[in-house]
Amino acid sequence: MGYLHDVIIASKNSEFANKELTLDNIENQIIYAPRIYAQAVKRLKELTPGRSLKLKNSSYKTILELASSAKALGLITREYVDEDEFKRLNLIEVKTSIDIGKIEFGIYLNSNRFRELNNLTGLIKLYFRQSC
């Protein structure tokens with residue numbers, strides 16, 4: 001039905017803002033990330049076998065605040081953060097050589113509630129056509 005994009009973020013004022021991050025230059029860097037069972041965290045670990053990333057689990061609010069401090073990196077699903085908040089906190093998506101990629105998502109339908117589900121799927125399709 002649509003895609004979600006996991007990204008590494010930092011402050012526009014951080015040392016990471018104008019760099020392309022590689023496995024070598026983030027291996028010793030603390031990255032604030034969602035809970036350890038989050039898909040973004042699992043995928044990042046799968047993409048970095050044999051590396052010991054310093055992932056610190058935090059809430060989204062904490063990840064955003066720490067990343068905006070210009071001293072830390074954050075791992076988020078971009079669509080979960082409002083654009084106004086992203087700008088207010090002076091955050092950017094950091095370029096990286098690690099292909100974190102996108103996640104396709106969909107929903108299950110309960111055939112007993114066609115009208116409500118059709119309305120919901122219509123809204124979701126409309127939103128993701130506009131934002132992608």
# chains A, B, ... in the order shown; residues from 1 in each chain; ligands from 1

$ residues_around --residues "Ser59 of chain A" --least-positions-apart "6" --cutoff "9 Å" --atoms "only C-alpha atoms" --output "list in words"
Tyr32, Ala33, Pro34 and Arg35 of chain A

$ residues_around --residues "Thr77 of chain A" --least-positions-apart "3" --cutoff "12 Å" --atoms "only C-alpha atoms" --output "PDB file with N, CA and C atoms, in the first residue's frame"
ATOM      1  N   TYR A   3       5.112   2.924   1.425  1.00  0.00           N
ATOM      2  CA  TYR A   3       6.454   2.665   1.915  1.00  0.00           C
ATOM      3  C   TYR A   3       6.787   3.571   3.095  1.00  0.00           C
ATOM      4  N   LEU A   4       7.584   3.046   3.999  1.00  0.00           N
ATOM      5  CA  LEU A   4       8.136   3.810   5.109  1.00  0.00           C
ATOM      6  C   LEU A   4       9.651   3.821   4.933  1.00  0.00           C
ATOM      7  N   HIS A   5      10.281   4.924   5.309  1.00  0.00           N
ATOM      8  CA  HIS A   5      11.710   5.094   5.080  1.00  0.00           C
ATOM      9  C   HIS A   5      12.442   5.305   6.401  1.00  0.00           C
ATOM     10  N   ASP A   6      13.350   4.400   6.728  1.00  0.00           N
ATOM     11  CA  ASP A   6      14.187   4.551   7.914  1.00  0.00           C
ATOM     12  C   ASP A   6      15.414   5.363   7.518  1.00  0.00           C
ATOM     13  N   VAL A   7      15.732   6.363   8.331  1.00  0.00           N
ATOM     14  CA  VAL A   7      16.833   7.272   8.013  1.00  0.00           C
ATOM     15  C   VAL A   7      17.650   7.570   9.265  1.00  0.00           C
ATOM     16  N   ILE A   8      18.876   7.968   9.042  1.00  0.00           N
ATOM     17  CA  ILE A   8      19.728   8.455  10.130  1.00  0.00           C
ATOM     18  C   ILE A   8      19.640   9.973  10.103  1.00  0.00           C
ATOM     19  N   ILE A   9      19.435  10.558  11.284  1.00  0.00           N
ATOM     20  CA  ILE A   9      19.256  12.005  11.377  1.00  0.00           C
ATOM     21  C   ILE A   9      20.307  12.631  12.284  1.00  0.00           C
ATOM     22  N   ALA A  33      18.262   5.016  18.894  1.00  0.00           N
ATOM     23  CA  ALA A  33      17.356   4.269  18.025  1.00  0.00           C
ATOM     24  C   ALA A  33      16.130   3.818  18.813  1.00  0.00           C
ATOM     25  N   PRO A  34      15.064   3.456  18.091  1.00  0.00           N
ATOM     26  CA  PRO A  34      13.879   2.932  18.780  1.00  0.00           C
ATOM     27  C   PRO A  34      14.201   1.627  19.504  1.00  0.00           C
ATOM     28  N   ALA A  38      12.377  -3.043  17.163  1.00  0.00           N
ATOM     29  CA  ALA A  38      11.854  -2.251  16.041  1.00  0.00           C
ATOM     30  C   ALA A  38      12.482  -2.728  14.739  1.00  0.00           C
ATOM     31  N   GLN A  39      11.719  -2.703  13.656  1.00  0.00           N
ATOM     32  CA  GLN A  39      12.214  -3.151  12.360  1.00  0.00           C
ATOM     33  C   GLN A  39      13.423  -2.351  11.893  1.00  0.00           C
ATOM     34  N   ALA A  40      13.451  -1.051  12.171  1.00  0.00           N
ATOM     35  CA  ALA A  40      14.588  -0.215  11.761  1.00  0.00           C
ATOM     36  C   ALA A  40      15.878  -0.709  12.411  1.00  0.00           C
ATOM     37  N   VAL A  41      15.807  -1.044  13.674  1.00  0.00           N
ATOM     38  CA  VAL A  41      16.986  -1.521  14.407  1.00  0.00           C
ATOM     39  C   VAL A  41      17.405  -2.891  13.881  1.00  0.00           C
ATOM     40  N   ARG A  43      16.891  -4.157  10.921  1.00  0.00           N
ATOM     41  CA  ARG A  43      17.448  -4.029   9.587  1.00  0.00           C
ATOM     42  C   ARG A  43      18.855  -3.426   9.626  1.00  0.00           C
ATOM     43  N   TYR A  60      11.006   8.142  20.588  1.00  0.00           N
ATOM     44  CA  TYR A  60      11.171   9.044  19.452  1.00  0.00           C
ATOM     45  C   TYR A  60      11.447  10.470  19.916  1.00  0.00           C
ATOM     46  N   ILE A  63      15.040  10.658  20.930  1.00  0.00           N
ATOM     47  CA  ILE A  63      15.904  10.554  19.749  1.00  0.00           C
ATOM     48  C   ILE A  63      15.987  11.906  19.043  1.00  0.00           C
ATOM     49  N   LEU A  64      14.839  12.544  18.845  1.00  0.00           N
ATOM     50  CA  LEU A  64      14.815  13.835  18.157  1.00  0.00           C
ATOM     51  C   LEU A  64      15.570  14.901  18.945  1.00  0.00           C
ATOM     52  N   GLY A  74      20.586   9.887  15.208  1.00  0.00           N
ATOM     53  CA  GLY A  74      19.352   9.178  15.541  1.00  0.00           C
ATOM     54  C   GLY A  74      18.919   8.318  14.377  1.00  0.00           C
ATOM     55  N   TYR A  80       7.178   8.978  10.596  1.00  0.00           N
ATOM     56  CA  TYR A  80       6.640   9.098  11.952  1.00  0.00           C
ATOM     57  C   TYR A  80       6.859  10.479  12.563  1.00  0.00           C
ATOM     58  N   VAL A  81       7.650  11.314  11.896  1.00  0.00           N
ATOM     59  CA  VAL A  81       7.978  12.627  12.455  1.00  0.00           C
ATOM     60  C   VAL A  81       7.382  13.718  11.572  1.00  0.00           C
ATOM     61  N   ASP A  82       6.620  14.586  12.193  1.00  0.00           N
ATOM     62  CA  ASP A  82       5.976  15.696  11.506  1.00  0.00           C
ATOM     63  C   ASP A  82       7.033  16.633  10.908  1.00  0.00           C
ATOM     64  N   GLU A  93      18.270  14.667   7.324  1.00  0.00           N
ATOM     65  CA  GLU A  93      18.590  13.269   7.052  1.00  0.00           C
ATOM     66  C   GLU A  93      20.055  13.249   6.623  1.00  0.00           C
ATOM     67  N   ILE A 100      19.799   1.604   3.994  1.00  0.00           N
ATOM     68  CA  ILE A 100      18.783   1.182   4.961  1.00  0.00           C
ATOM     69  C   ILE A 100      17.492   0.821   4.241  1.00  0.00           C
ATOM     70  N   GLY A 101      17.207   1.516   3.154  1.00  0.00           N
ATOM     71  CA  GLY A 101      16.088   1.166   2.292  1.00  0.00           C
ATOM     72  C   GLY A 101      14.729   1.576   2.806  1.00  0.00           C
ATOM     73  N   LYS A 102      13.722   1.029   2.166  1.00  0.00           N
ATOM     74  CA  LYS A 102      12.345   1.349   2.510  1.00  0.00           C
ATOM     75  C   LYS A 102      11.605   0.068   2.855  1.00  0.00           C
ATOM     76  N   ILE A 103      10.508   0.238   3.572  1.00  0.00           N
ATOM     77  CA  ILE A 103       9.705  -0.897   4.004  1.00  0.00           C
ATOM     78  C   ILE A 103       8.323  -0.756   3.401  1.00  0.00           C
TER      79      ILE A 103
END

$ residues_around --residues "segment 10-15 of chain A" --least-positions-apart "5" --cutoff "10 Å" --atoms "only C-alpha atoms" --output "PyMOL selection string"
chain A and resi 31+63-75+86-87+89-94

$ select_by_dssp --residues "chain A" --states "strand (DSSP E or B)" --output "VMD selection string"
chain A and resid 2 to 11 20 to 21 30 to 33 54 to 57 73 to 77 91 to 93 95 to 96 102 to 105

$ write_last_selection --atoms "N, CA and C atoms" --output "mmCIF file, in the first residue's frame"
data_model
loop_
_atom_site.group_PDB
_atom_site.id
_atom_site.type_symbol
_atom_site.label_atom_id
_atom_site.label_comp_id
_atom_site.auth_asym_id
_atom_site.auth_seq_id
_atom_site.Cartn_x
_atom_site.Cartn_y
_atom_site.Cartn_z
ATOM 1 N N GLY A 2 2.021 1.181 0.601
ATOM 2 C CA GLY A 2 2.907 2.342 0.670
ATOM 3 C C GLY A 2 4.256 1.935 1.209
ATOM 4 N N TYR A 3 5.112 2.924 1.425
ATOM 5 C CA TYR A 3 6.454 2.665 1.915
ATOM 6 C C TYR A 3 6.787 3.571 3.095
ATOM 7 N N LEU A 4 7.584 3.046 3.999
ATOM 8 C CA LEU A 4 8.136 3.810 5.109
ATOM 9 C C LEU A 4 9.651 3.821 4.933
ATOM 10 N N HIS A 5 10.281 4.924 5.309
ATOM 11 C CA HIS A 5 11.710 5.094 5.080
ATOM 12 C C HIS A 5 12.442 5.305 6.401
ATOM 13 N N ASP A 6 13.350 4.400 6.728
ATOM 14 C CA ASP A 6 14.187 4.551 7.914
ATOM 15 C C ASP A 6 15.414 5.363 7.518
ATOM 16 N N VAL A 7 15.732 6.363 8.331
ATOM 17 C CA VAL A 7 16.833 7.272 8.013
ATOM 18 C C VAL A 7 17.650 7.570 9.265
ATOM 19 N N ILE A 8 18.876 7.968 9.042
ATOM 20 C CA ILE A 8 19.728 8.455 10.130
ATOM 21 C C ILE A 8 19.640 9.973 10.103
ATOM 22 N N ILE A 9 19.435 10.558 11.284
ATOM 23 C CA ILE A 9 19.256 12.005 11.377
ATOM 24 C C ILE A 9 20.307 12.631 12.284
ATOM 25 N N ALA A 10 20.504 13.930 12.085
ATOM 26 C CA ALA A 10 21.419 14.710 12.929
ATOM 27 C C ALA A 10 21.004 16.169 12.816
ATOM 28 N N SER A 11 21.583 16.984 13.654
ATOM 29 C CA SER A 11 21.364 18.421 13.587
ATOM 30 C C SER A 11 22.081 18.985 12.361
ATOM 31 N N GLU A 20 29.124 12.011 4.273
ATOM 32 C CA GLU A 20 28.399 10.786 3.973
ATOM 33 C C GLU A 20 28.895 9.745 4.960
ATOM 34 N N LEU A 21 27.992 9.267 5.772
ATOM 35 C CA LEU A 21 28.380 8.300 6.792
ATOM 36 C C LEU A 21 28.638 6.936 6.177
ATOM 37 N N ILE A 30 27.641 6.822 18.970
ATOM 38 C CA ILE A 30 26.369 6.414 19.576
ATOM 39 C C ILE A 30 25.241 6.824 18.641
ATOM 40 N N ILE A 31 24.364 5.869 18.374
ATOM 41 C CA ILE A 31 23.180 6.128 17.553
ATOM 42 C C ILE A 31 21.964 5.838 18.421
ATOM 43 N N TYR A 32 21.152 6.853 18.635
ATOM 44 C CA TYR A 32 19.925 6.667 19.400
ATOM 45 C C TYR A 32 18.867 6.101 18.466
ATOM 46 N N ALA A 33 18.262 5.016 18.894
ATOM 47 C CA ALA A 33 17.356 4.269 18.025
ATOM 48 C C ALA A 33 16.130 3.818 18.813
ATOM 49 N N LYS A 54 27.019 1.146 18.401
ATOM 50 C CA LYS A 54 26.620 1.582 19.739
ATOM 51 C C LYS A 54 25.216 2.156 19.670
ATOM 52 N N LEU A 55 24.229 1.242 19.668
ATOM 53 C CA LEU A 55 22.829 1.656 19.601
ATOM 54 C C LEU A 55 22.283 1.831 21.011
ATOM 55 N N LYS A 56 21.678 2.974 21.260
ATOM 56 C CA LYS A 56 21.048 3.262 22.554
ATOM 57 C C LYS A 56 19.555 3.405 22.316
ATOM 58 N N ASN A 57 18.782 2.578 22.993
ATOM 59 C CA ASN A 57 17.343 2.605 22.793
ATOM 60 C C ASN A 57 16.693 3.769 23.516
ATOM 61 N N LEU A 73 23.639 11.024 16.705
ATOM 62 C CA LEU A 73 22.870 10.573 15.544
ATOM 63 C C LEU A 73 21.605 9.893 16.042
ATOM 64 N N GLY A 74 20.586 9.887 15.208
ATOM 65 C CA GLY A 74 19.352 9.178 15.541
ATOM 66 C C GLY A 74 18.919 8.318 14.377
ATOM 67 N N LEU A 75 18.229 7.241 14.670
ATOM 68 C CA LEU A 75 17.651 6.363 13.651
ATOM 69 C C LEU A 75 16.142 6.419 13.821
ATOM 70 N N ILE A 76 15.450 6.874 12.792
ATOM 71 C CA ILE A 76 13.996 7.002 12.877
ATOM 72 C C ILE A 76 13.339 6.523 11.594
ATOM 73 N N THR A 77 12.052 6.296 11.663
ATOM 74 C CA THR A 77 11.235 6.113 10.472
ATOM 75 C C THR A 77 10.716 7.504 10.125
ATOM 76 N N LEU A 91 16.742 19.540 12.175
ATOM 77 C CA LEU A 91 17.261 18.212 11.840
ATOM 78 C C LEU A 91 17.362 18.012 10.333
ATOM 79 N N ILE A 92 18.276 17.134 9.943
ATOM 80 C CA ILE A 92 18.416 16.721 8.553
ATOM 81 C C ILE A 92 18.571 15.209 8.487
ATOM 82 N N GLU A 93 18.270 14.667 7.324
ATOM 83 C CA GLU A 93 18.590 13.269 7.052
ATOM 84 C C GLU A 93 20.055 13.249 6.623
ATOM 85 N N LYS A 95 23.322 11.785 4.884
ATOM 86 C CA LYS A 95 23.674 10.892 3.775
ATOM 87 C C LYS A 95 24.484 9.730 4.341
ATOM 88 N N THR A 96 24.217 8.545 3.811
ATOM 89 C CA THR A 96 24.923 7.365 4.301
ATOM 90 C C THR A 96 25.155 6.377 3.172
ATOM 91 N N LYS A 102 13.722 1.029 2.166
ATOM 92 C CA LYS A 102 12.345 1.349 2.510
ATOM 93 C C LYS A 102 11.605 0.068 2.855
ATOM 94 N N ILE A 103 10.508 0.238 3.572
ATOM 95 C CA ILE A 103 9.705 -0.897 4.004
ATOM 96 C C ILE A 103 8.323 -0.756 3.401
ATOM 97 N N GLU A 104 7.876 -1.777 2.726
ATOM 98 C CA GLU A 104 6.517 -1.754 2.193
ATOM 99 C C GLU A 104 5.558 -2.157 3.301
ATOM 100 N N PHE A 105 4.411 -1.498 3.356
ATOM 101 C CA PHE A 105 3.419 -1.853 4.362
ATOM 102 C C PHE A 105 2.049 -1.969 3.718
#

$ atom_distance --atom1 "atom CA of Thr62 of chain A" --atom2 "atom CA of Glu85 of chain A"
13.0 Å

$ select_by_dssp --residues "segment 17-123 of chain A" --states "alpha helix (DSSP H)" --output "MDAnalysis selection string"
chainID A and resid 23:26 39:47 60:68 83:88 114:123

$ write_last_selection --atoms "C-alpha atoms" --output "PDB file, in the first residue's frame"
ATOM      1  CA  LEU A  23      30.245   1.872   8.483  1.00  0.00           C
ATOM      2  CA  ASP A  24      33.736   2.925   9.471  1.00  0.00           C
ATOM      3  CA  ASN A  25      32.808   6.395  10.689  1.00  0.00           C
ATOM      4  CA  ILE A  26      29.668   5.404  12.598  1.00  0.00           C
ATOM      5  CA  GLN A  39      12.214  -3.151  12.360  1.00  0.00           C
ATOM      6  CA  ALA A  40      14.588  -0.215  11.761  1.00  0.00           C
ATOM      7  CA  VAL A  41      16.986  -1.521  14.407  1.00  0.00           C
ATOM      8  CA  LYS A  42      16.775  -5.113  13.162  1.00  0.00           C
ATOM      9  CA  ARG A  43      17.448  -4.029   9.587  1.00  0.00           C
ATOM     10  CA  LEU A  44      20.412  -1.827  10.571  1.00  0.00           C
ATOM     11  CA  LYS A  45      21.948  -4.759  12.466  1.00  0.00           C
ATOM     12  CA  GLU A  46      21.418  -7.049   9.454  1.00  0.00           C
ATOM     13  CA  LEU A  47      23.151  -4.518   7.197  1.00  0.00           C
ATOM     14  CA  TYR A  60      11.171   9.044  19.452  1.00  0.00           C
ATOM     15  CA  LYS A  61      10.950  12.277  21.432  1.00  0.00           C
ATOM     16  CA  THR A  62      14.327  11.587  23.060  1.00  0.00           C
ATOM     17  CA  ILE A  63      15.904  10.554  19.749  1.00  0.00           C
ATOM     18  CA  LEU A  64      14.815  13.835  18.157  1.00  0.00           C
ATOM     19  CA  GLU A  65      16.021  15.937  21.079  1.00  0.00           C
ATOM     20  CA  LEU A  66      19.412  14.217  21.277  1.00  0.00           C
ATOM     21  CA  ALA A  67      19.952  14.384  17.522  1.00  0.00           C
ATOM     22  CA  SER A  68      19.086  18.093  17.549  1.00  0.00           C
ATOM     23  CA  GLU A  83       7.752  17.971   9.009  1.00  0.00           C
ATOM     24  CA  ASP A  84       7.215  21.040  11.215  1.00  0.00           C
ATOM     25  CA  GLU A  85       8.875  19.329  14.171  1.00  0.00           C
ATOM     26  CA  PHE A  86      11.763  18.209  11.963  1.00  0.00           C
ATOM     27  CA  LYS A  87      12.346  21.823  10.893  1.00  0.00           C
ATOM     28  CA  ARG A  88      11.804  23.248  14.383  1.00  0.00           C
ATOM     29  CA  PHE A 114     -16.381  -2.901   3.527  1.00  0.00           C
ATOM     30  CA  ARG A 115     -17.438   0.773   3.664  1.00  0.00           C
ATOM     31  CA  GLU A 116     -15.224   1.685   6.617  1.00  0.00           C
ATOM     32  CA  LEU A 117     -12.252  -0.206   5.213  1.00  0.00           C
ATOM     33  CA  ASN A 118     -12.680   1.293   1.763  1.00  0.00           C
ATOM     34  CA  ASN A 119     -12.700   4.766   3.344  1.00  0.00           C
ATOM     35  CA  LEU A 120      -9.576   3.955   5.359  1.00  0.00           C
ATOM     36  CA  THR A 121      -7.648   2.468   2.424  1.00  0.00           C
ATOM     37  CA  GLY A 122      -8.674   5.431   0.269  1.00  0.00           C
ATOM     38  CA  LEU A 123      -7.290   7.894   2.824  1.00  0.00           C
TER      39      LEU A 123
END

$ atom_distance --atom1 "atom CA of Glu27 of chain A" --atom2 "atom CA of Gly50 of chain A"
10.6 Å

$ closest_residue --among "A:Arg78, A:Ile98, A:Phe128, A:Phe16" --to "Thr48 of chain A" --atoms "only C-alpha atoms"
A:Ile98
